[in-house]
Amino acid sequence: MAYNLKENLMKEDRFSGGHRMCAGCGSPIAVRTVLRALDPEDKAVVCSATSCLEVSTFMYPYNAWKDSFIHNAFENAAATISGVEAAYNLMKKKGKIDETWKFITFGGDGGTYDIGFQSLSGAFERGHDFVYVCYDNEAYMNTGIQRSSSTPHFADTTTTPAGTVIPGKLQQKKNLTRIMVAHGSPYVAQTTFIGNFRDITEKAHKAIYTKGPCFLNVMAPCPRGWRYPTEKLMEVTKAAVETCVWPLYEVIEGKYVLNYMPKNKLPVEEYLRLQGRFAHMFKPGNEWMIEQVQQEVDKNWEDLLKLCNM
Amino acid sequence: MTHLAKDMTPDVKWRDITPGCNIFEGGTSASVQTGDWRVLKPVIDWDKCRQCLLCAPVCPDMSIPVGKDGKRGEFDYFYCKGCGVCANVCPFDAITMVKDEK
Ligand code: SF4
Ligand code: SF4
């Protein structure tokens, strides 16, 4: 079915206002968009790893989730939803349940790239029918901006403070999307918020309605940790895509498909410049950092184009 | 047994709380006002708005309702935290952020 922004927005939100995420936060945008991709007649169980999202949407006795919601711990969101899915399958087989239920897990990058990775990997290996959505804001934001394995090279965080001793984070960002492809998942996609939200909505729908374990990696900027003024959110995501720092692609049954080819691939400065966490890279004498990031981005982009047979 | 969010007041006795403290309803944060966090407030100029709806999906606080007629309505100031993302994406400059005097 062709995507139509108006029809999409006329669906009722399955995520409620009154949550305590910061003003301008990217993660509630990811959540409401993914949940709107559910067919309205289908029910859902949502699970969340420990994260900003979990602590801010689930403050007893208030919760922002209109669907059934379970929180367990940082490291086992994927294991928790696996159990729910297995119980549902059994109840369905025994005829105790007729409706269609879908299973969606949200985790931040800390809960996905790092702490929750073993349970995520296990759930994908066992092949449960669910979607794992990582809202990637590239650090442990909830506890005060500590680096994760998703934090990009040279980013200034409270545990990788840029100064005279180190130039920000020393390592490159882990490529989790490709690691999830290596699990043999039927559908893996990388997306963010762009224009009319077609890319993320279509991918969320495919991920929810493809049988088996599917993975969505959504870049969800954090104005506090990335140090940009809240209103610039959509400029940041656009720059990430136009510089190929965060390419939009999907992998269907192992086949890579590029979803957006920038007309003029912009230099990485256009993305880095918007954010205070990279401000030190623009100081005189630090040009090498920008050059190095450009090389890394170019290399990843070329690898991706090869995988897409382009 | 108390199992609704609105009944969870400080006076509730432990015996009256469900096992596991479960709340048997969803979306209870709807009663929490977050609009009072706001410093700036989005204001719409309906003469400029062309109903392109590009502002609606970017709101992190579900504060730009789209009605059954497919048109966006007035901001929901009960939740809107004044982030300004909507004003920044509007291609027709129909949204202005103004100081929110309370
Ligand atoms: S983006 Fe601007 S023109 Fe489009 S619906 Fe929103 S306020 Fe109206
Ligand atoms: S200012 Fe932010 S919270 Fe308020 S309506 Fe606009 S996008 Fe939503």
# chains A, B, ... in the order shown; residues from 1 in each chain; ligands from 1
$ interface_residues --of "chain A" --to "chain B" --cutoff "7 Å" --atoms "only C-alpha atoms" --output "VMD selection string"
chain A and resid 6 9 to 10 15 to 19 23 to 26 28 to 29 61 to 68 196 230 to 233
$ write_last_selection --atoms "C-alpha atoms" --output "tab-separated table (two decimals), in the first residue's frame"
chain	number	residue	atom	x	y	z
A	6	LYS	CA	-2.19	12.19	6.01
A	9	LEU	CA	-1.33	10.65	10.91
A	10	MET	CA	-5.07	10.05	11.09
A	15	PHE	CA	1.88	6.36	22.73
A	16	SER	CA	0.52	9.02	25.06
A	17	GLY	CA	1.62	12.53	25.92
A	18	GLY	CA	2.56	13.26	29.51
A	19	HIS	CA	5.77	11.20	29.33
A	23	ALA	CA	11.85	18.53	25.18
A	24	GLY	CA	12.87	17.76	21.61
A	25	CYS	CA	14.04	14.21	22.33
A	26	GLY	CA	14.27	11.89	19.31
A	28	PRO	CA	9.52	9.34	21.55
A	29	ILE	CA	9.33	10.30	17.88
A	61	PRO	CA	1.61	4.64	38.37
A	62	TYR	CA	1.83	6.52	35.09
A	63	ASN	CA	2.84	5.03	31.78
A	64	ALA	CA	2.71	6.40	28.28
A	65	TRP	CA	2.05	3.05	26.60
A	66	LYS	CA	-1.49	2.33	25.43
A	67	ASP	CA	-0.49	-1.26	24.59
A	68	SER	CA	0.57	-3.91	27.08
A	196	ASN	CA	7.41	13.03	5.52
A	230	THR	CA	16.39	21.29	20.39
A	231	GLU	CA	14.68	22.79	17.35
A	232	LYS	CA	17.47	21.58	15.02
A	233	LEU	CA	16.58	17.89	15.34
$ residues_around --residues "range 173-176 of chain A" --least-positions-apart "4" --cutoff "8 Å" --atoms "only C-alpha atoms" --output "list in words"
Tyr113, Ser149, Ser150, Thr151, Pro152, His153 and Met180 of chain A
$ residues_around --residues "Ile44 in chain B" --least-positions-apart "4" --cutoff "10 Å" --atoms "only C-alpha atoms" --output "list of chain:residue names"
B:Lys48, B:Cys49, B:Gly73, B:Glu74, B:Phe75, B:Ala87, B:Asp93, B:Ala94, B:Ile95, B:Thr96, B:Met97
$ select_by_dssp --residues "range 12-203 of chain A" --states "strand (DSSP E)" --output "PyMOL selection string"
chain A and resi 43-48+58-59+62-63+68-71+101-108+131-136+187-191
$ residues_around --residues "Ala155 in chain A" --least-positions-apart "6" --cutoff "10 Å" --atoms "only C-alpha atoms" --output "PDB file with N, CA, C and O atoms, in the first residue's frame"
ATOM      1  N   GLU A 138      23.462   7.188  20.647  1.00  0.00           N
ATOM      2  CA  GLU A 138      24.924   7.160  20.626  1.00  0.00           C
ATOM      3  C   GLU A 138      25.636   7.465  21.943  1.00  0.00           C
ATOM      4  O   GLU A 138      26.746   7.982  21.949  1.00  0.00           O
ATOM      5  N   ALA A 139      24.992   7.164  23.064  1.00  0.00           N
ATOM      6  CA  ALA A 139      25.655   7.204  24.375  1.00  0.00           C
ATOM      7  C   ALA A 139      24.640   6.855  25.460  1.00  0.00           C
ATOM      8  O   ALA A 139      23.447   6.765  25.184  1.00  0.00           O
ATOM      9  N   ARG A 147      29.985   7.244  27.235  1.00  0.00           N
ATOM     10  CA  ARG A 147      30.152   6.626  25.918  1.00  0.00           C
ATOM     11  C   ARG A 147      29.615   5.194  25.903  1.00  0.00           C
ATOM     12  O   ARG A 147      29.650   4.473  26.900  1.00  0.00           O
ATOM     13  N   PRO A 161      36.135  12.621  27.750  1.00  0.00           N
ATOM     14  CA  PRO A 161      36.151  14.082  27.616  1.00  0.00           C
ATOM     15  C   PRO A 161      37.274  14.539  26.679  1.00  0.00           C
ATOM     16  O   PRO A 161      38.427  14.150  26.871  1.00  0.00           O
ATOM     17  N   ALA A 162      36.907  15.323  25.686  1.00  0.00           N
ATOM     18  CA  ALA A 162      37.906  15.811  24.738  1.00  0.00           C
ATOM     19  C   ALA A 162      38.744  16.887  25.411  1.00  0.00           C
ATOM     20  O   ALA A 162      38.199  17.828  25.994  1.00  0.00           O
ATOM     21  N   PRO A 167      41.382  12.936  22.488  1.00  0.00           N
ATOM     22  CA  PRO A 167      40.605  13.785  21.579  1.00  0.00           C
ATOM     23  C   PRO A 167      39.130  13.381  21.514  1.00  0.00           C
ATOM     24  O   PRO A 167      38.535  13.373  20.457  1.00  0.00           O
ATOM     25  N   GLY A 168      38.506  13.011  22.657  1.00  0.00           N
ATOM     26  CA  GLY A 168      37.148  12.462  22.614  1.00  0.00           C
ATOM     27  C   GLY A 168      37.234  10.949  22.526  1.00  0.00           C
ATOM     28  O   GLY A 168      38.283  10.364  22.846  1.00  0.00           O
ATOM     29  N   LYS A 169      36.158  10.298  22.090  1.00  0.00           N
ATOM     30  CA  LYS A 169      36.175   8.831  22.059  1.00  0.00           C
ATOM     31  C   LYS A 169      37.249   8.312  21.104  1.00  0.00           C
ATOM     32  O   LYS A 169      37.401   8.820  20.002  1.00  0.00           O
ATOM     33  N   LEU A 170      37.964   7.302  21.548  1.00  0.00           N
ATOM     34  CA  LEU A 170      39.107   6.816  20.773  1.00  0.00           C
ATOM     35  C   LEU A 170      38.719   5.802  19.700  1.00  0.00           C
ATOM     36  O   LEU A 170      39.460   5.571  18.767  1.00  0.00           O
ATOM     37  N   GLN A 171      37.558   5.165  19.879  1.00  0.00           N
ATOM     38  CA  GLN A 171      37.188   4.095  18.955  1.00  0.00           C
ATOM     39  C   GLN A 171      36.087   4.559  17.993  1.00  0.00           C
ATOM     40  O   GLN A 171      35.366   5.500  18.267  1.00  0.00           O
ATOM     41  N   GLN A 172      35.947   3.793  16.921  1.00  0.00           N
ATOM     42  CA  GLN A 172      34.846   4.077  15.995  1.00  0.00           C
ATOM     43  C   GLN A 172      33.556   3.440  16.498  1.00  0.00           C
ATOM     44  O   GLN A 172      33.574   2.558  17.343  1.00  0.00           O
ATOM     45  N   GLY A 225      22.822  15.409  24.894  1.00  0.00           N
ATOM     46  CA  GLY A 225      24.099  14.722  24.755  1.00  0.00           C
ATOM     47  C   GLY A 225      24.859  15.118  23.503  1.00  0.00           C
ATOM     48  O   GLY A 225      26.080  15.052  23.478  1.00  0.00           O
ATOM     49  N   TRP A 226      24.119  15.499  22.463  1.00  0.00           N
ATOM     50  CA  TRP A 226      24.798  15.850  21.213  1.00  0.00           C
ATOM     51  C   TRP A 226      25.089  17.348  21.172  1.00  0.00           C
ATOM     52  O   TRP A 226      25.770  17.828  20.292  1.00  0.00           O
ATOM     53  N   LEU A 272      28.994  17.280  11.506  1.00  0.00           N
ATOM     54  CA  LEU A 272      29.712  17.475  12.773  1.00  0.00           C
ATOM     55  C   LEU A 272      29.508  18.883  13.331  1.00  0.00           C
ATOM     56  O   LEU A 272      29.348  19.080  14.531  1.00  0.00           O
ATOM     57  N   GLN A 275      26.846  20.029  15.972  1.00  0.00           N
ATOM     58  CA  GLN A 275      26.768  19.448  17.312  1.00  0.00           C
ATOM     59  C   GLN A 275      27.960  19.789  18.196  1.00  0.00           C
ATOM     60  O   GLN A 275      29.105  19.603  17.807  1.00  0.00           O
ATOM     61  N   GLY A 276      27.642  20.217  19.413  1.00  0.00           N
ATOM     62  CA  GLY A 276      28.688  20.600  20.359  1.00  0.00           C
ATOM     63  C   GLY A 276      29.612  19.467  20.740  1.00  0.00           C
ATOM     64  O   GLY A 276      30.760  19.698  21.120  1.00  0.00           O
ATOM     65  N   ARG A 277      29.145  18.208  20.643  1.00  0.00           N
ATOM     66  CA  ARG A 277      30.015  17.091  21.042  1.00  0.00           C
ATOM     67  C   ARG A 277      31.206  16.943  20.099  1.00  0.00           C
ATOM     68  O   ARG A 277      32.150  16.234  20.409  1.00  0.00           O
ATOM     69  N   PHE A 278      31.123  17.590  18.929  1.00  0.00           N
ATOM     70  CA  PHE A 278      32.252  17.546  17.991  1.00  0.00           C
ATOM     71  C   PHE A 278      32.955  18.908  17.886  1.00  0.00           C
ATOM     72  O   PHE A 278      33.822  19.088  17.030  1.00  0.00           O
ATOM     73  N   ALA A 279      32.602  19.874  18.738  1.00  0.00           N
ATOM     74  CA  ALA A 279      33.106  21.244  18.598  1.00  0.00           C
ATOM     75  C   ALA A 279      34.637  21.302  18.610  1.00  0.00           C
ATOM     76  O   ALA A 279      35.242  22.073  17.859  1.00  0.00           O
ATOM     77  N   HIS A 280      35.263  20.455  19.448  1.00  0.00           N
ATOM     78  CA  HIS A 280      36.741  20.491  19.538  1.00  0.00           C
ATOM     79  C   HIS A 280      37.411  20.114  18.216  1.00  0.00           C
ATOM     80  O   HIS A 280      38.564  20.459  17.985  1.00  0.00           O
ATOM     81  N   MET A 281      36.701  19.403  17.356  1.00  0.00           N
ATOM     82  CA  MET A 281      37.300  18.984  16.082  1.00  0.00           C
ATOM     83  C   MET A 281      37.511  20.167  15.142  1.00  0.00           C
ATOM     84  O   MET A 281      38.235  20.064  14.160  1.00  0.00           O
TER      85      MET A 281
END
$ residues_around --residues "Pro186 in chain A" --least-positions-apart "2" --cutoff "8 Å" --atoms "only C-alpha atoms" --output "PyMOL selection string"
chain A and resi 184+188+210-214+251-254
$ residues_around --residues "Ser82 in chain A" --least-positions-apart "4" --cutoff "7 Å" --atoms "only C-alpha atoms" --output "PyMOL selection string"
chain A and resi 78+86+123+128
$ select_by_dssp --residues "chain B" --states "alpha helix (DSSP H)" --output "MDAnalysis selection string"
chainID B and resid 85:89
$ write_last_selection --atoms "N, CA and C atoms" --output "JSON list (two decimals), in the first residue's frame"
[["chain", "number", "residue", "atom", "x", "y", "z"],
["B", 85, "VAL", "N", 10.82, 22.01, 17.36],
["B", 85, "VAL", "CA", 11.11, 21.19, 16.18],
["B", 85, "VAL", "C", 10.05, 21.44, 15.09],
["B", 86, "CYS", "N", 8.79, 21.55, 15.51],
["B", 86, "CYS", "CA", 7.70, 21.76, 14.54],
["B", 86, "CYS", "C", 7.90, 23.08, 13.79],
["B", 87, "ALA", "N", 8.25, 24.14, 14.53],
["B", 87, "ALA", "CA", 8.41, 25.46, 13.90],
["B", 87, "ALA", "C", 9.55, 25.42, 12.89],
["B", 88, "ASN", "N", 10.58, 24.65, 13.21],
["B", 88, "ASN", "CA", 11.74, 24.57, 12.33],
["B", 88, "ASN", "C", 11.47, 23.79, 11.05],
["B", 89, "VAL", "N", 10.57, 22.81, 11.09],
["B", 89, "VAL", "CA", 10.31, 22.03, 9.86],
["B", 89, "VAL", "C", 9.24, 22.64, 8.98]]
$ atom_distance --atom1 "CA of Arg227 in chain A" --atom2 "CA of Asp156 in chain A"
9.8 Å
$ atom_distance --atom1 "CA of Phe69 in chain A" --atom2 "CA of Ser48 in chain A"
7.8 Å
$ atom_distance --atom1 "CA of Lys283 in chain A" --atom2 "CA of Val297 in chain A"
20.6 Å
